[in-house]
file protein.txt (compact mmCIF, N, CA and C atoms)
# COMPACT_ATOMS: atom_id res chain seq x y z
N MET N 747 75.74 85.95 103.57
CA MET N 747 75.58 87.39 103.41
C MET N 747 76.21 87.81 102.08
N SER N 748 75.49 88.64 101.34
CA SER N 748 76.01 89.08 100.05
C SER N 748 77.15 90.09 100.25
N ARG N 749 77.93 90.23 99.21
CA ARG N 749 79.06 91.17 99.25
C ARG N 749 78.57 92.59 99.54
N ASP N 750 77.45 92.99 98.94
CA ASP N 750 76.89 94.33 99.15
C ASP N 750 76.49 94.53 100.61
N GLU N 751 75.85 93.52 101.21
CA GLU N 751 75.44 93.62 102.61
C GLU N 751 76.67 93.69 103.53
N GLN N 752 77.67 92.89 103.20
CA GLN N 752 78.90 92.89 104.01
C GLN N 752 79.60 94.25 103.92
N LEU N 753 79.67 94.82 102.72
CA LEU N 753 80.27 96.14 102.56
C LEU N 753 79.48 97.17 103.35
N LYS N 754 78.16 97.11 103.27
CA LYS N 754 77.32 98.06 104.00
C LYS N 754 77.56 97.97 105.50
N GLN N 755 77.60 96.77 106.04
CA GLN N 755 77.83 96.59 107.47
C GLN N 755 79.22 97.07 107.88
N ARG N 756 80.22 96.71 107.10
CA ARG N 756 81.59 97.14 107.42
C ARG N 756 81.73 98.65 107.31
N TRP N 757 81.11 99.24 106.29
CA TRP N 757 81.16 100.69 106.13
C TRP N 757 80.53 101.37 107.35
N GLU N 758 79.38 100.88 107.77
CA GLU N 758 78.72 101.46 108.94
C GLU N 758 79.60 101.33 110.19
N THR N 759 80.33 100.23 110.31
CA THR N 759 81.25 100.05 111.44
C THR N 759 82.38 101.07 111.39
N VAL N 760 82.96 101.27 110.20
CA VAL N 760 84.02 102.26 110.04
C VAL N 760 83.51 103.65 110.41
N VAL N 761 82.37 104.02 109.87
CA VAL N 761 81.80 105.35 110.13
C VAL N 761 81.53 105.53 111.62
N ARG N 762 80.94 104.55 112.24
CA ARG N 762 80.61 104.64 113.67
C ARG N 762 81.88 104.78 114.52
N LYS N 763 82.87 103.93 114.27
CA LYS N 763 84.10 103.97 115.07
C LYS N 763 84.86 105.28 114.88
N LEU N 764 85.02 105.72 113.63
CA LEU N 764 85.74 106.96 113.37
C LEU N 764 84.97 108.17 113.91
N SER N 765 83.64 108.15 113.76
CA SER N 765 82.82 109.26 114.26
C SER N 765 82.95 109.37 115.78
N ASN N 766 82.92 108.25 116.46
CA ASN N 766 83.08 108.27 117.92
C ASN N 766 84.47 108.72 118.33
N GLN N 767 85.48 108.30 117.57
CA GLN N 767 86.86 108.61 117.91
C GLN N 767 87.25 110.06 117.59
N PHE N 768 86.74 110.59 116.48
CA PHE N 768 87.22 111.89 116.00
C PHE N 768 86.16 112.99 115.94
N ALA N 769 84.89 112.67 116.09
CA ALA N 769 83.85 113.69 115.91
C ALA N 769 82.81 113.67 117.02
N ASP N 770 83.21 113.19 118.18
CA ASP N 770 82.29 113.15 119.33
C ASP N 770 80.94 112.53 118.96
N GLY N 771 80.97 111.52 118.11
CA GLY N 771 79.75 110.82 117.75
C GLY N 771 78.98 111.41 116.59
N GLU N 772 79.31 112.65 116.17
CA GLU N 772 78.64 113.20 114.98
C GLU N 772 79.11 112.39 113.78
N THR N 773 78.20 112.06 112.90
CA THR N 773 78.52 111.17 111.80
C THR N 773 79.44 111.84 110.78
N LEU N 774 80.59 111.22 110.57
CA LEU N 774 81.53 111.71 109.55
C LEU N 774 81.05 111.28 108.17
N ASP N 775 81.23 112.14 107.18
CA ASP N 775 80.88 111.77 105.81
C ASP N 775 82.11 111.19 105.10
N LEU N 776 81.90 110.78 103.87
CA LEU N 776 82.96 110.15 103.08
C LEU N 776 84.18 111.05 102.95
N ASP N 777 83.98 112.33 102.66
CA ASP N 777 85.11 113.26 102.51
C ASP N 777 85.90 113.40 103.80
N ALA N 778 85.22 113.45 104.93
CA ALA N 778 85.90 113.58 106.22
C ALA N 778 86.75 112.34 106.49
N ILE N 779 86.24 111.18 106.13
CA ILE N 779 86.99 109.94 106.35
C ILE N 779 88.20 109.90 105.42
N ILE N 780 88.04 110.34 104.19
CA ILE N 780 89.17 110.40 103.26
C ILE N 780 90.23 111.35 103.81
N TYR N 781 89.80 112.48 104.36
CA TYR N 781 90.72 113.45 104.96
C TYR N 781 91.49 112.80 106.12
N LEU N 782 90.79 112.07 106.99
CA LEU N 782 91.45 111.39 108.10
C LEU N 782 92.49 110.38 107.62
N ILE N 783 92.18 109.69 106.54
CA ILE N 783 93.14 108.74 105.97
C ILE N 783 94.37 109.49 105.46
N GLY N 784 94.15 110.64 104.84
CA GLY N 784 95.28 111.47 104.39
C GLY N 784 96.16 111.87 105.56
N LEU N 785 95.54 112.27 106.66
CA LEU N 785 96.31 112.61 107.87
C LEU N 785 97.11 111.41 108.36
N GLN N 786 96.48 110.25 108.35
CA GLN N 786 97.14 109.02 108.79
C GLN N 786 98.33 108.70 107.88
N GLU N 787 98.14 108.81 106.58
CA GLU N 787 99.20 108.49 105.64
C GLU N 787 100.38 109.46 105.75
N LEU N 788 100.09 110.71 106.09
CA LEU N 788 101.14 111.71 106.27
C LEU N 788 101.72 111.62 107.68
N ASN N 789 101.04 110.88 108.54
CA ASN N 789 101.44 110.77 109.95
C ASN N 789 101.40 112.14 110.60
N ALA N 790 100.28 112.84 110.41
CA ALA N 790 100.15 114.23 110.86
C ALA N 790 98.82 114.45 111.56
N ILE N 791 98.44 113.54 112.42
CA ILE N 791 97.12 113.59 113.06
C ILE N 791 96.90 114.88 113.85
N ASN N 792 97.91 115.42 114.51
CA ASN N 792 97.73 116.58 115.39
C ASN N 792 98.17 117.90 114.78
N GLN N 793 98.30 117.96 113.47
CA GLN N 793 98.70 119.20 112.81
C GLN N 793 97.48 119.89 112.22
N THR N 794 97.62 121.19 111.96
CA THR N 794 96.57 121.91 111.24
C THR N 794 97.08 122.26 109.85
N PHE N 795 96.17 122.35 108.91
CA PHE N 795 96.55 122.56 107.52
C PHE N 795 95.71 123.64 106.88
N LYS N 796 96.30 124.30 105.88
CA LYS N 796 95.58 125.28 105.06
C LYS N 796 94.69 124.52 104.08
N LYS N 797 93.78 125.27 103.45
CA LYS N 797 92.81 124.65 102.54
C LYS N 797 93.48 123.84 101.44
N ASP N 798 94.50 124.39 100.78
CA ASP N 798 95.14 123.66 99.68
C ASP N 798 95.86 122.42 100.19
N GLU N 799 96.41 122.50 101.41
CA GLU N 799 97.07 121.34 101.99
C GLU N 799 96.04 120.25 102.33
N LYS N 800 94.84 120.66 102.74
CA LYS N 800 93.78 119.70 103.03
C LYS N 800 93.38 118.94 101.76
N LEU N 801 93.33 119.67 100.65
CA LEU N 801 93.03 119.00 99.38
C LEU N 801 94.15 118.02 99.01
N ASN N 802 95.39 118.41 99.26
CA ASN N 802 96.51 117.51 99.00
C ASN N 802 96.45 116.27 99.89
N LEU N 803 96.02 116.44 101.14
CA LEU N 803 95.86 115.30 102.04
C LEU N 803 94.81 114.34 101.50
N MET N 804 93.72 114.89 100.99
CA MET N 804 92.67 114.04 100.42
C MET N 804 93.17 113.33 99.17
N HIS N 805 94.00 114.02 98.39
CA HIS N 805 94.58 113.39 97.19
C HIS N 805 95.48 112.22 97.59
N ILE N 806 96.31 112.43 98.62
CA ILE N 806 97.17 111.35 99.12
C ILE N 806 96.32 110.15 99.52
N ALA N 807 95.25 110.42 100.25
CA ALA N 807 94.37 109.34 100.70
C ALA N 807 93.77 108.59 99.53
N ILE N 808 93.27 109.32 98.55
CA ILE N 808 92.64 108.67 97.39
C ILE N 808 93.65 107.81 96.64
N CYS N 809 94.85 108.35 96.45
CA CYS N 809 95.90 107.57 95.78
C CYS N 809 96.20 106.29 96.56
N ARG N 810 96.35 106.43 97.87
CA ARG N 810 96.66 105.28 98.72
C ARG N 810 95.51 104.27 98.69
N LEU N 811 94.29 104.75 98.75
CA LEU N 811 93.13 103.87 98.76
C LEU N 811 92.97 103.11 97.44
N LEU N 812 93.30 103.77 96.34
CA LEU N 812 93.11 103.14 95.02
C LEU N 812 94.36 102.42 94.52
N GLU N 813 95.43 102.50 95.27
CA GLU N 813 96.66 101.80 94.90
C GLU N 813 96.46 100.28 94.77
N PRO N 814 95.78 99.63 95.72
CA PRO N 814 95.58 98.18 95.58
C PRO N 814 94.73 97.78 94.36
N TYR N 815 93.99 98.74 93.82
CA TYR N 815 93.14 98.47 92.65
C TYR N 815 93.91 98.67 91.34
N GLY N 816 95.17 99.09 91.45
CA GLY N 816 96.01 99.24 90.26
C GLY N 816 95.94 100.59 89.58
N TYR N 817 95.29 101.57 90.22
CA TYR N 817 95.17 102.88 89.59
C TYR N 817 96.35 103.79 89.90
N TYR N 818 96.96 103.62 91.06
CA TYR N 818 98.10 104.44 91.46
C TYR N 818 99.21 103.54 91.98
N GLU N 819 100.41 104.10 91.97
CA GLU N 819 101.57 103.40 92.51
C GLU N 819 102.38 104.39 93.34
N PHE N 820 102.76 103.97 94.53
CA PHE N 820 103.58 104.83 95.38
C PHE N 820 104.88 105.13 94.64
N ASP N 821 105.31 106.39 94.68
CA ASP N 821 106.50 106.81 93.97
C ASP N 821 107.63 107.16 94.94
N PHE N 822 107.40 108.16 95.81
CA PHE N 822 108.44 108.57 96.75
C PHE N 822 107.84 109.47 97.82
N VAL N 823 108.64 109.72 98.85
CA VAL N 823 108.28 110.69 99.89
C VAL N 823 109.21 111.87 99.70
N ASP N 824 108.63 113.08 99.61
CA ASP N 824 109.47 114.26 99.38
C ASP N 824 110.17 114.70 100.68
N THR N 825 110.97 115.74 100.58
CA THR N 825 111.78 116.19 101.72
C THR N 825 110.92 116.72 102.86
N ASP N 826 109.67 117.09 102.59
CA ASP N 826 108.75 117.53 103.64
C ASP N 826 107.95 116.37 104.24
N GLY N 827 108.21 115.16 103.76
CA GLY N 827 107.53 113.98 104.29
C GLY N 827 106.21 113.64 103.63
N TRP N 828 105.89 114.32 102.51
CA TRP N 828 104.64 114.06 101.81
C TRP N 828 104.83 112.92 100.80
N PRO N 829 103.97 111.89 100.86
CA PRO N 829 104.06 110.81 99.87
C PRO N 829 103.55 111.28 98.50
N HIS N 830 104.16 110.73 97.47
CA HIS N 830 103.75 111.02 96.10
C HIS N 830 103.46 109.71 95.38
N TYR N 831 102.46 109.76 94.53
CA TYR N 831 102.03 108.59 93.76
C TYR N 831 102.05 108.94 92.28
N LYS N 832 102.19 107.92 91.46
CA LYS N 832 102.05 108.13 90.02
C LYS N 832 100.87 107.31 89.53
N ILE N 833 100.25 107.82 88.50
CA ILE N 833 99.09 107.15 87.91
C ILE N 833 99.57 105.95 87.10
N LYS N 834 99.00 104.79 87.40
CA LYS N 834 99.30 103.59 86.62
C LYS N 834 98.24 103.37 85.55
N GLU N 835 97.00 103.64 85.92
CA GLU N 835 95.89 103.44 84.99
C GLU N 835 94.82 104.48 85.32
N GLU N 836 94.29 105.11 84.29
CA GLU N 836 93.23 106.10 84.49
C GLU N 836 91.99 105.41 85.04
N LEU N 837 91.31 106.08 85.94
CA LEU N 837 90.04 105.57 86.44
C LEU N 837 89.03 105.56 85.30
N PRO N 838 88.22 104.51 85.22
CA PRO N 838 87.19 104.51 84.18
C PRO N 838 86.11 105.53 84.55
N PRO N 839 85.36 105.99 83.57
CA PRO N 839 84.27 106.91 83.89
C PRO N 839 83.24 106.18 84.77
N LEU N 840 82.97 106.76 85.93
CA LEU N 840 82.03 106.15 86.86
C LEU N 840 80.94 107.15 87.21
N LYS N 841 79.74 106.64 87.41
CA LYS N 841 78.65 107.49 87.89
C LYS N 841 78.93 107.79 89.36
N ALA N 842 78.29 108.82 89.89
CA ALA N 842 78.52 109.24 91.28
C ALA N 842 78.33 108.08 92.26
N GLY N 843 77.28 107.31 92.09
CA GLY N 843 77.02 106.17 92.98
C GLY N 843 78.11 105.12 92.88
N GLU N 844 78.61 104.89 91.68
CA GLU N 844 79.69 103.91 91.48
C GLU N 844 80.99 104.39 92.13
N GLN N 845 81.25 105.70 92.03
CA GLN N 845 82.43 106.27 92.68
C GLN N 845 82.35 106.08 94.18
N SER N 846 81.19 106.34 94.73
CA SER N 846 80.97 106.22 96.16
C SER N 846 81.20 104.78 96.63
N ILE N 847 80.68 103.82 95.89
CA ILE N 847 80.85 102.41 96.25
C ILE N 847 82.31 102.01 96.17
N LEU N 848 83.01 102.44 95.12
CA LEU N 848 84.44 102.14 94.98
C LEU N 848 85.22 102.69 96.17
N MET N 849 84.95 103.95 96.53
CA MET N 849 85.68 104.56 97.65
C MET N 849 85.33 103.89 98.97
N LYS N 850 84.08 103.58 99.19
CA LYS N 850 83.69 102.90 100.43
C LYS N 850 84.36 101.53 100.53
N ASP N 851 84.39 100.81 99.42
CA ASP N 851 85.04 99.50 99.39
C ASP N 851 86.53 99.66 99.70
N ALA N 852 87.17 100.65 99.08
CA ALA N 852 88.59 100.89 99.30
C ALA N 852 88.87 101.28 100.76
N ILE N 853 88.00 102.10 101.33
CA ILE N 853 88.16 102.53 102.73
C ILE N 853 87.98 101.34 103.67
N VAL N 854 86.97 100.54 103.43
CA VAL N 854 86.76 99.34 104.26
C VAL N 854 87.99 98.44 104.18
N ASN N 855 88.51 98.22 102.99
CA ASN N 855 89.70 97.38 102.84
C ASN N 855 90.91 97.98 103.55
N TYR N 856 91.05 99.29 103.50
CA TYR N 856 92.13 100.00 104.18
C TYR N 856 92.07 99.72 105.69
N PHE N 857 90.88 99.82 106.27
CA PHE N 857 90.75 99.61 107.70
C PHE N 857 90.75 98.14 108.10
N LEU N 858 90.37 97.25 107.19
CA LEU N 858 90.54 95.82 107.43
C LEU N 858 92.03 95.49 107.49
N GLU N 859 92.78 96.02 106.55
CA GLU N 859 94.23 95.83 106.46
C GLU N 859 94.92 96.25 107.75
N ARG N 860 94.45 97.34 108.33
CA ARG N 860 95.04 97.88 109.57
C ARG N 860 94.43 97.28 110.83
N GLN N 861 93.52 96.32 110.64
CA GLN N 861 92.83 95.63 111.73
C GLN N 861 92.06 96.60 112.65
N TYR N 862 91.60 97.69 112.06
CA TYR N 862 90.76 98.64 112.79
C TYR N 862 89.34 98.08 112.91
N ILE N 863 88.94 97.31 111.90
CA ILE N 863 87.66 96.58 111.91
C ILE N 863 87.95 95.14 111.49
N ASP N 864 86.95 94.26 111.72
CA ASP N 864 87.09 92.90 111.21
C ASP N 864 85.88 92.49 110.41

call {"tool": "encode", "arguments": {"input": "protein.txt", "output": "structure tokens"}}
result
Amino acid sequence: MSRDEQLKQRWETVVRKLSNQFADGETLDLDAIIYLIGLQELNAINQTFKKDEKLNLMHIAICRLLEPYGYYEFDFVDTDGWPHYKIKEELPPLKAGEQSILMKDAIVNYFLERQYID
């Protein structure tokens, strides 16, 4: 199986499992999954957030997801329990499709790491 096919299958598994667990089977999109990862990283699954805090949660998720790729590095957790990252390397200019593939790959790796999927 090619790497692309494997990524596609694993991505579909992540989407299906998370959609069943958090959205009553309605298909979650990429942004919703990134948001869920932000909640997980903040350890705040049962809290509600304002719009700007939701954006911050997504930022935390993106930093965490791209950390293994060398783009971000964990820095510290602030007094409110929010993780902070620093930029190690700027992301290269990517087309929308390339960004999507990078994020899907990072998300799949995140859930493989946590043994949520195999």

call {"tool": "closest_atom_pairs", "arguments": {"input": "protein.txt", "of": "range 770-789 of chain N", "to": "range 819-831 of chain N", "cutoff": "9 Å", "atoms": "only C-alpha atoms", "output": "tab-separated table"}}
result
residue	atom	partner	partner_atom	distance
N:Glu787	CA	N:Pro829	CA	7.9
N:Leu788	CA	N:Trp828	CA	6.1
N:Asn789	CA	N:Gly827	CA	8.9

call {"tool": "closest_residue", "arguments": {"input": "protein.txt", "among": "N:Cys809, N:Tyr781, N:Arg860, N:Tyr815", "to": "Lys797 in chain N", "atoms": "only C-alpha atoms"}}
result
N:Tyr781

call {"tool": "residues_around", "arguments": {"input": "protein.txt", "residues": "Arg762 in chain N", "least_positions_apart": "5", "cutoff": "10 Å", "atoms": "only C-alpha atoms", "output": "PyMOL selection string"}}
result
chain N and resi 756-757+767+769+771-774

call {"tool": "select_by_dssp", "arguments": {"input": "protein.txt", "residues": "chain N", "states": "strand (DSSP E or B)", "output": "list in words"}}
result
Tyr818, Glu819, Phe820, Asp821, Phe822, Val823, Pro829, His830, Tyr831, Lys832 and Ile833 of chain N

call {"tool": "closest_residue", "arguments": {"input": "protein.txt", "among": "N:Leu858, N:Leu840, N:Val760, N:Ile833", "to": "Tyr817 in chain N", "atoms": "only N, CA and C atoms"}}
result
N:Ile833

call {"tool": "atom_distance", "arguments": {"input": "protein.txt", "atom1": "atom C of Arg810 in chain N", "atom2": "CA of Asp777 in chain N"}}
result
14.3 Å
